[in-house]
Amino acid sequence: MRMVNLVANCGFCLSPAVKTHCSSQSHGHNNVIRFQNSKSSTSSLNLRSCSKKSNKLFATRASAAVQGQANVTQTPLTGSQQASGQSSLRPKKVMVIGGDGYCGWATALHLSNKGYEVAIVDNLVRRLFDHQLGLDSLTPIASIQNRIRRWKSLTGKTIQLFIGDICDFEFLSEAFKSFEPDSAVHFGEQRSAPYSMIDRSRAVYTQHNNVIGTLNVLFAMKEYSEECHLVKLGTMGEYGTPNIDIEEGFLTITHNGRTDTLPYPKQASSFYHLSKVHDSHNIAFTCKAWGIRATDLNQGVVYGVRTDETAMHEELSNRLDYDGVFGTALNRFCVQAAVGHPLTVYGKGGQTRGYLDIRDTVQCVELAIANPAKPGEFRVFNQFTEQFSVNELASLVTAAGAKLGLEVQTKSVPNPRVEAEEHYYNAKHSKLSELGLVPHLLSDSLLDSLLNFAVQYKDRVDTAQIMPSVSWKKMGAKPKTVSV
């Protein structure tokens with residue numbers, strides 16, 4: 001049995017065993033920074049607190065020889081520009097923070113394909129998490145440099161790349177000054193509730209990374225891009241599961257004869273979800289105090305892996321997580337069905353959430369960018385298309401599997417989370433539809449496609465990753481050693 005050990009504090013720094021070496025190479029007018037680990041990916045990886053200087057990673061404005069002459073395209077217009085008949089030949093610039101991740105990569109390609117000038121900002125730490133925990137994507141994913149090269153070769157479109165940590169304000173400031181974004185799409189956070197509940201160090205890292213990173217983005221916008229529109233990925237998990245309808249961000253209430261519209265009450269259920277609540281409060285405050293324009297997309301559970309762009313070539317493939325730490329419910333169920341593992345329903349299975357196809361994630365972000373918030377406005381959109389309970393998802397996967405000749409079984413396992421397993425849930429989600437969202441609803445054909453995709457890569461499945469291993473009640477201060 002191989003043991004992967006992690007020790008973490010607030011900041012990330014590669015351990016001496018996996019120091020990153022870089023060399024600058026000249027290819028015409030391109031400056032390329034290459035990275036190479038001194039040991040293989042199976043080496044022990046550690047996190048430790050770092051000084052500001054040592055915590056800085058590397059930034060390159062056009063990494064991996066992808067800098068080139070940008071295509072002159074018609075600028076995607078905002079709603080206000082369309083109304084006034086304005087037009088410009090300069091493509092709108094969108095900075096995708098966390099653009100190497102599951103939602104970020106699909107979004108970056110989608111926006112680039114739509115004619116936006118795109119830059120990715122990422123510290124690549126999501127890949128490091130896999131090494132630390134002994135996990136892997138179902139789909140093989142290329143390096144970010146090779147991904148961008150392939151996109152350039154297929155489309156002629158350039159995506160700029162800034163490699164660094166947004167918790168390092170000096171790095172982030174330089175990225176903002178260099179790229180000058182019209183919109184900043186912020187995916188760059190630790191996005192797993194189970195990861196934040198492994199132990200104290202991961203809880204601290206999650207809140208430090210997410211809250212401080214978002215604060216830095218807000219300060220960078222104030223200092224260097226006052227007109228920039230922030231599109232922030234929040235989560236429906238901020239609301240919890242109240243016994244009343246969930247509104248889109250705000251609730252009008254009457255109390256003791258007086259009426260007011262207030263932020264909807266938050267009932268976060270993990271240290272990750274709490275970090276998102278803190279983000280929302282900080283963003284709302286800076287909109288009021290500084291005139292920041294921001295759209296908070298409270299996203300439901302995302303499923304699927306393919307978009308029009310990621311399907312163009314295997315090197316553009318997106319990651320698909322099926323493990324108990326980063327995998328989302330429907331994706332996990334499809335992989336479990338493909339390998340003949342019983343579907344793991346937590347507890348009674350009545351947990352109900354909003355869900356959406358990853359193709360709708362990229363569509364929603366594009367709509368938010370094209371119709372920006374006004375200066376000083378803090379908007380909240382609930383970003384999902386359908387509601388399902390866990391039991392309903394299991395039934396749908398079971399039926400779809402039967403059509404493909406798969407014998408799918410379901411097993412109730414002890415719930416590792418602290419949550420209601422049977423509850424009322426009715427969340428409003430009309431604002432994105434009003435802007436023009438055309439949803440991809442969960443159909444039999446989509447389930448067939450996702451199951452076939454899982455069957456195609458089933459030889460890459462590590463069944464040891466399937467069962468949940470993180471307990472909300474058993475987490476403690478001692479750094480947890482993960483067995484893989």
# chains A, B, ... in the order shown; residues from 1 in each chain; ligands from 1
$ residues_around --residues "A:Pro194" --least-positions-apart "6" --cutoff "8 Å" --atoms "only C-alpha atoms" --output "list in words"
Ser270, Gly324, Val325, Phe326, Val470, Ser471 and Trp472 of chain A
$ select_by_dssp --residues "stretch 167-215 of chain A" --states "alpha helix (DSSP H)" --output "list in words"
Phe169, Glu170, Phe171, Leu172, Ser173, Glu174, Ala175, Phe176, Lys177, Ser178, Phe179, Ala193, Pro194, Tyr195, Ser196, Arg200, Ser201, Arg202, Ala203, Val204, Tyr205, Thr206, Gln207, Gly213, Thr214 and Leu215 of chain A
$ residues_around --residues "A:Leu437" --least-positions-apart "4" --cutoff "7 Å" --atoms "only C-alpha atoms" --output "ChimeraX atom specification"
/A:363-364,432-433
$ residues_around --residues "stretch 382-391 of chain A" --least-positions-apart "3" --cutoff "9 Å" --atoms "only C-alpha atoms" --output "count of residues only"
44
$ select_by_dssp --residues "stretch 363-433 of chain A" --states "strand (DSSP E)" --output "PyMOL selection string"
chain A and resi 378-383+386-389+410-413
$ write_last_selection --atoms "all heavy atoms" --output "short mmCIF file (atom, residue, chain, number, x, y, z; two decimals), in the first residue's frame"
data_model
loop_
_atom_site.label_atom_id
_atom_site.label_comp_id
_atom_site.auth_asym_id
_atom_site.auth_seq_id
_atom_site.Cartn_x
_atom_site.Cartn_y
_atom_site.Cartn_z
N PHE A 378 -24.37 44.51 -7.66
CA PHE A 378 -24.04 43.13 -7.29
C PHE A 378 -25.24 42.27 -7.66
O PHE A 378 -26.28 42.32 -7.00
CB PHE A 378 -23.73 43.04 -5.79
CG PHE A 378 -23.52 41.63 -5.31
CD1 PHE A 378 -22.45 40.87 -5.77
CD2 PHE A 378 -24.38 41.05 -4.38
CE1 PHE A 378 -22.24 39.57 -5.32
CE2 PHE A 378 -24.19 39.75 -3.92
CZ PHE A 378 -23.10 39.01 -4.40
N ARG A 379 -25.09 41.49 -8.73
CA ARG A 379 -26.18 40.63 -9.19
C ARG A 379 -25.92 39.19 -8.76
O ARG A 379 -24.77 38.75 -8.68
CB ARG A 379 -26.28 40.64 -10.73
CG ARG A 379 -26.46 41.98 -11.36
CD ARG A 379 -26.70 41.83 -12.86
NE ARG A 379 -25.62 41.11 -13.53
CZ ARG A 379 -25.56 40.95 -14.86
NH1 ARG A 379 -26.52 41.44 -15.64
NH2 ARG A 379 -24.55 40.29 -15.41
N VAL A 380 -27.00 38.47 -8.53
CA VAL A 380 -26.89 37.04 -8.21
C VAL A 380 -27.82 36.27 -9.13
O VAL A 380 -29.02 36.54 -9.18
CB VAL A 380 -27.26 36.76 -6.74
CG1 VAL A 380 -27.14 35.27 -6.44
CG2 VAL A 380 -26.37 37.56 -5.79
N PHE A 381 -27.25 35.32 -9.87
CA PHE A 381 -28.03 34.42 -10.72
C PHE A 381 -27.87 33.01 -10.18
O PHE A 381 -26.74 32.57 -9.92
CB PHE A 381 -27.54 34.44 -12.17
CG PHE A 381 -27.65 35.77 -12.87
CD1 PHE A 381 -26.91 36.01 -14.02
CD2 PHE A 381 -28.49 36.76 -12.41
CE1 PHE A 381 -27.01 37.22 -14.69
CE2 PHE A 381 -28.60 37.98 -13.07
CZ PHE A 381 -27.84 38.21 -14.22
N ASN A 382 -28.97 32.29 -10.03
CA ASN A 382 -28.89 30.87 -9.68
C ASN A 382 -28.70 30.08 -10.97
O ASN A 382 -29.57 30.07 -11.84
CB ASN A 382 -30.16 30.42 -8.96
CG ASN A 382 -30.25 31.01 -7.57
OD1 ASN A 382 -29.28 31.53 -7.02
ND2 ASN A 382 -31.44 30.94 -6.98
N GLN A 383 -27.55 29.44 -11.09
CA GLN A 383 -27.12 28.83 -12.35
C GLN A 383 -27.30 27.31 -12.32
O GLN A 383 -26.42 26.56 -11.96
CB GLN A 383 -25.65 29.19 -12.61
CG GLN A 383 -25.11 28.66 -13.93
CD GLN A 383 -23.75 29.23 -14.25
OE1 GLN A 383 -23.57 30.44 -14.33
NE2 GLN A 383 -22.75 28.38 -14.42
N GLU A 386 -32.13 22.08 -13.84
CA GLU A 386 -33.10 21.09 -13.35
C GLU A 386 -32.75 20.70 -11.93
O GLU A 386 -31.61 20.84 -11.49
CB GLU A 386 -33.07 19.82 -14.22
CG GLU A 386 -33.46 20.02 -15.66
CD GLU A 386 -33.34 18.74 -16.45
OE1 GLU A 386 -32.21 18.44 -16.91
OE2 GLU A 386 -34.35 18.03 -16.62
N GLN A 387 -33.74 20.19 -11.21
CA GLN A 387 -33.54 19.68 -9.85
C GLN A 387 -33.75 18.18 -9.82
O GLN A 387 -34.70 17.66 -10.42
CB GLN A 387 -34.51 20.34 -8.88
CG GLN A 387 -34.28 21.82 -8.66
CD GLN A 387 -35.24 22.43 -7.66
OE1 GLN A 387 -35.15 23.61 -7.35
NE2 GLN A 387 -36.16 21.66 -7.15
N PHE A 388 -32.86 17.48 -9.13
CA PHE A 388 -32.98 16.03 -8.95
C PHE A 388 -32.57 15.67 -7.53
O PHE A 388 -31.68 16.30 -6.95
CB PHE A 388 -32.07 15.26 -9.92
CG PHE A 388 -32.37 15.46 -11.37
CD1 PHE A 388 -31.60 16.32 -12.14
CD2 PHE A 388 -33.42 14.78 -11.97
CE1 PHE A 388 -31.87 16.50 -13.49
CE2 PHE A 388 -33.70 14.96 -13.32
CZ PHE A 388 -32.92 15.82 -14.08
N SER A 389 -33.18 14.61 -7.00
CA SER A 389 -32.65 14.01 -5.78
C SER A 389 -31.61 12.98 -6.19
O SER A 389 -31.54 12.56 -7.35
CB SER A 389 -33.77 13.32 -4.99
OG SER A 389 -34.22 12.15 -5.67
N THR A 410 -27.77 -0.39 -7.00
CA THR A 410 -27.63 0.76 -6.12
C THR A 410 -27.44 0.30 -4.69
O THR A 410 -28.11 -0.65 -4.24
CB THR A 410 -28.86 1.68 -6.21
OG1 THR A 410 -28.99 2.17 -7.54
CG2 THR A 410 -28.74 2.87 -5.26
N LYS A 411 -26.54 0.95 -3.97
CA LYS A 411 -26.28 0.60 -2.58
C LYS A 411 -26.27 1.87 -1.72
O LYS A 411 -25.61 2.85 -2.05
CB LYS A 411 -24.92 -0.11 -2.45
CG LYS A 411 -24.56 -0.49 -1.01
CD LYS A 411 -23.27 -1.31 -0.95
CE LYS A 411 -22.07 -0.51 -1.32
NZ LYS A 411 -20.80 -1.27 -1.10
N SER A 412 -27.03 1.83 -0.64
CA SER A 412 -27.00 2.94 0.31
C SER A 412 -25.78 2.78 1.21
O SER A 412 -25.55 1.71 1.78
CB SER A 412 -28.27 2.97 1.16
OG SER A 412 -28.19 3.98 2.15
N VAL A 413 -24.97 3.84 1.30
CA VAL A 413 -23.79 3.81 2.15
C VAL A 413 -23.94 4.87 3.24
O VAL A 413 -24.68 5.85 3.06
CB VAL A 413 -22.50 4.06 1.34
CG1 VAL A 413 -22.34 3.00 0.25
CG2 VAL A 413 -22.50 5.45 0.71
#
$ atom_distance --atom1 "atom CA of A:Met197" --atom2 "atom CA of A:Tyr272"
8.1 Å
$ closest_residue --among "A:Lys474, A:Pro342, A:Lys114, A:Arg359" --to "A:Arg417" --atoms "only C-alpha atoms"
A:Lys474
$ residues_around --residues "A:Thr328" --least-positions-apart "3" --cutoff "10 Å" --atoms "only C-alpha atoms" --output "CSV table (one decimal) with N, CA and C atoms, in the first residue's frame"
chain,number,residue,atom,x,y,z
A,192,SER,N,-13.9,21.8,-3.8
A,192,SER,CA,-14.4,20.6,-3.2
A,192,SER,C,-14.8,20.7,-1.8
A,301,VAL,N,-24.8,21.6,-9.3
A,301,VAL,CA,-23.9,20.5,-9.6
A,301,VAL,C,-23.7,20.3,-11.1
A,302,VAL,N,-22.5,20.3,-11.6
A,302,VAL,CA,-22.2,20.2,-13.0
A,302,VAL,C,-22.0,18.8,-13.4
A,303,TYR,N,-22.5,18.4,-14.5
A,303,TYR,CA,-22.2,17.0,-15.0
A,303,TYR,C,-21.8,17.1,-16.5
A,304,GLY,N,-21.3,16.0,-17.0
A,304,GLY,CA,-20.8,16.0,-18.4
A,304,GLY,C,-19.3,16.3,-18.5
A,320,LEU,N,-12.4,14.5,-16.0
A,320,LEU,CA,-13.7,13.9,-15.5
A,320,LEU,C,-13.3,13.2,-14.2
A,321,ASP,N,-13.7,13.8,-13.1
A,321,ASP,CA,-13.4,13.2,-11.7
A,321,ASP,C,-14.6,12.3,-11.3
A,322,TYR,N,-14.2,11.2,-10.8
A,322,TYR,CA,-15.2,10.2,-10.3
A,322,TYR,C,-15.0,9.8,-8.9
A,323,ASP,N,-14.0,10.3,-8.2
A,323,ASP,CA,-13.6,9.9,-6.9
A,323,ASP,C,-14.5,10.6,-5.9
A,324,GLY,N,-14.4,10.2,-4.6
A,324,GLY,CA,-15.2,10.7,-3.5
A,324,GLY,C,-14.9,12.0,-3.0
A,325,VAL,N,-13.8,12.6,-3.5
A,325,VAL,CA,-13.4,14.0,-3.1
A,325,VAL,C,-13.8,15.0,-4.1
A,331,ASN,N,-21.6,12.3,-12.6
A,331,ASN,CA,-20.4,11.8,-13.2
A,331,ASN,C,-19.9,10.5,-12.5
A,332,ARG,N,-20.0,10.6,-11.1
A,332,ARG,CA,-19.6,9.4,-10.3
A,332,ARG,C,-20.5,8.2,-10.6
A,333,PHE,N,-21.8,8.4,-10.7
A,333,PHE,CA,-22.7,7.3,-10.9
A,333,PHE,C,-22.4,6.7,-12.3
$ atom_distance --atom1 "atom CA of A:Ser280" --atom2 "atom CA of A:Tyr239"
11.7 Å
$ residues_around --residues "A:Lys374" --least-positions-apart "2" --cutoff "10 Å" --atoms "only C-alpha atoms" --output "list in words"
Ser80, Glu227, His229, Cys287, Gly291, Ile292, Arg293, Ala294, Thr295, Asn371, Pro372, Gly376, Glu377, Phe378 and Arg379 of chain A
$ closest_residue --among "A:Thr139, A:Thr310, A:Asn256, A:Asn123" --to "A:Phe162" --atoms "only C-alpha atoms"
A:Asn123
$ residues_around --residues "A:Ser196" --least-positions-apart "6" --cutoff "6 Å" --atoms "only C-alpha atoms" --output "list in words"
Arg202, Ala203, Thr206, Phe271 and Tyr272 of chain A
$ closest_residue --among "A:Cys334, A:Leu215, A:Ile369, A:Ala268" --to "A:Val96" --atoms "only C-alpha atoms"
A:Ile369
$ atom_distance --atom1 "atom CA of A:Ser183" --atom2 "atom CA of A:Ala142"
26.6 Å
$ closest_residue --among "A:Asn113, A:Thr107, A:Gln132, A:Gln336" --to "A:Thr463" --atoms "only C-alpha atoms"
A:Gln336
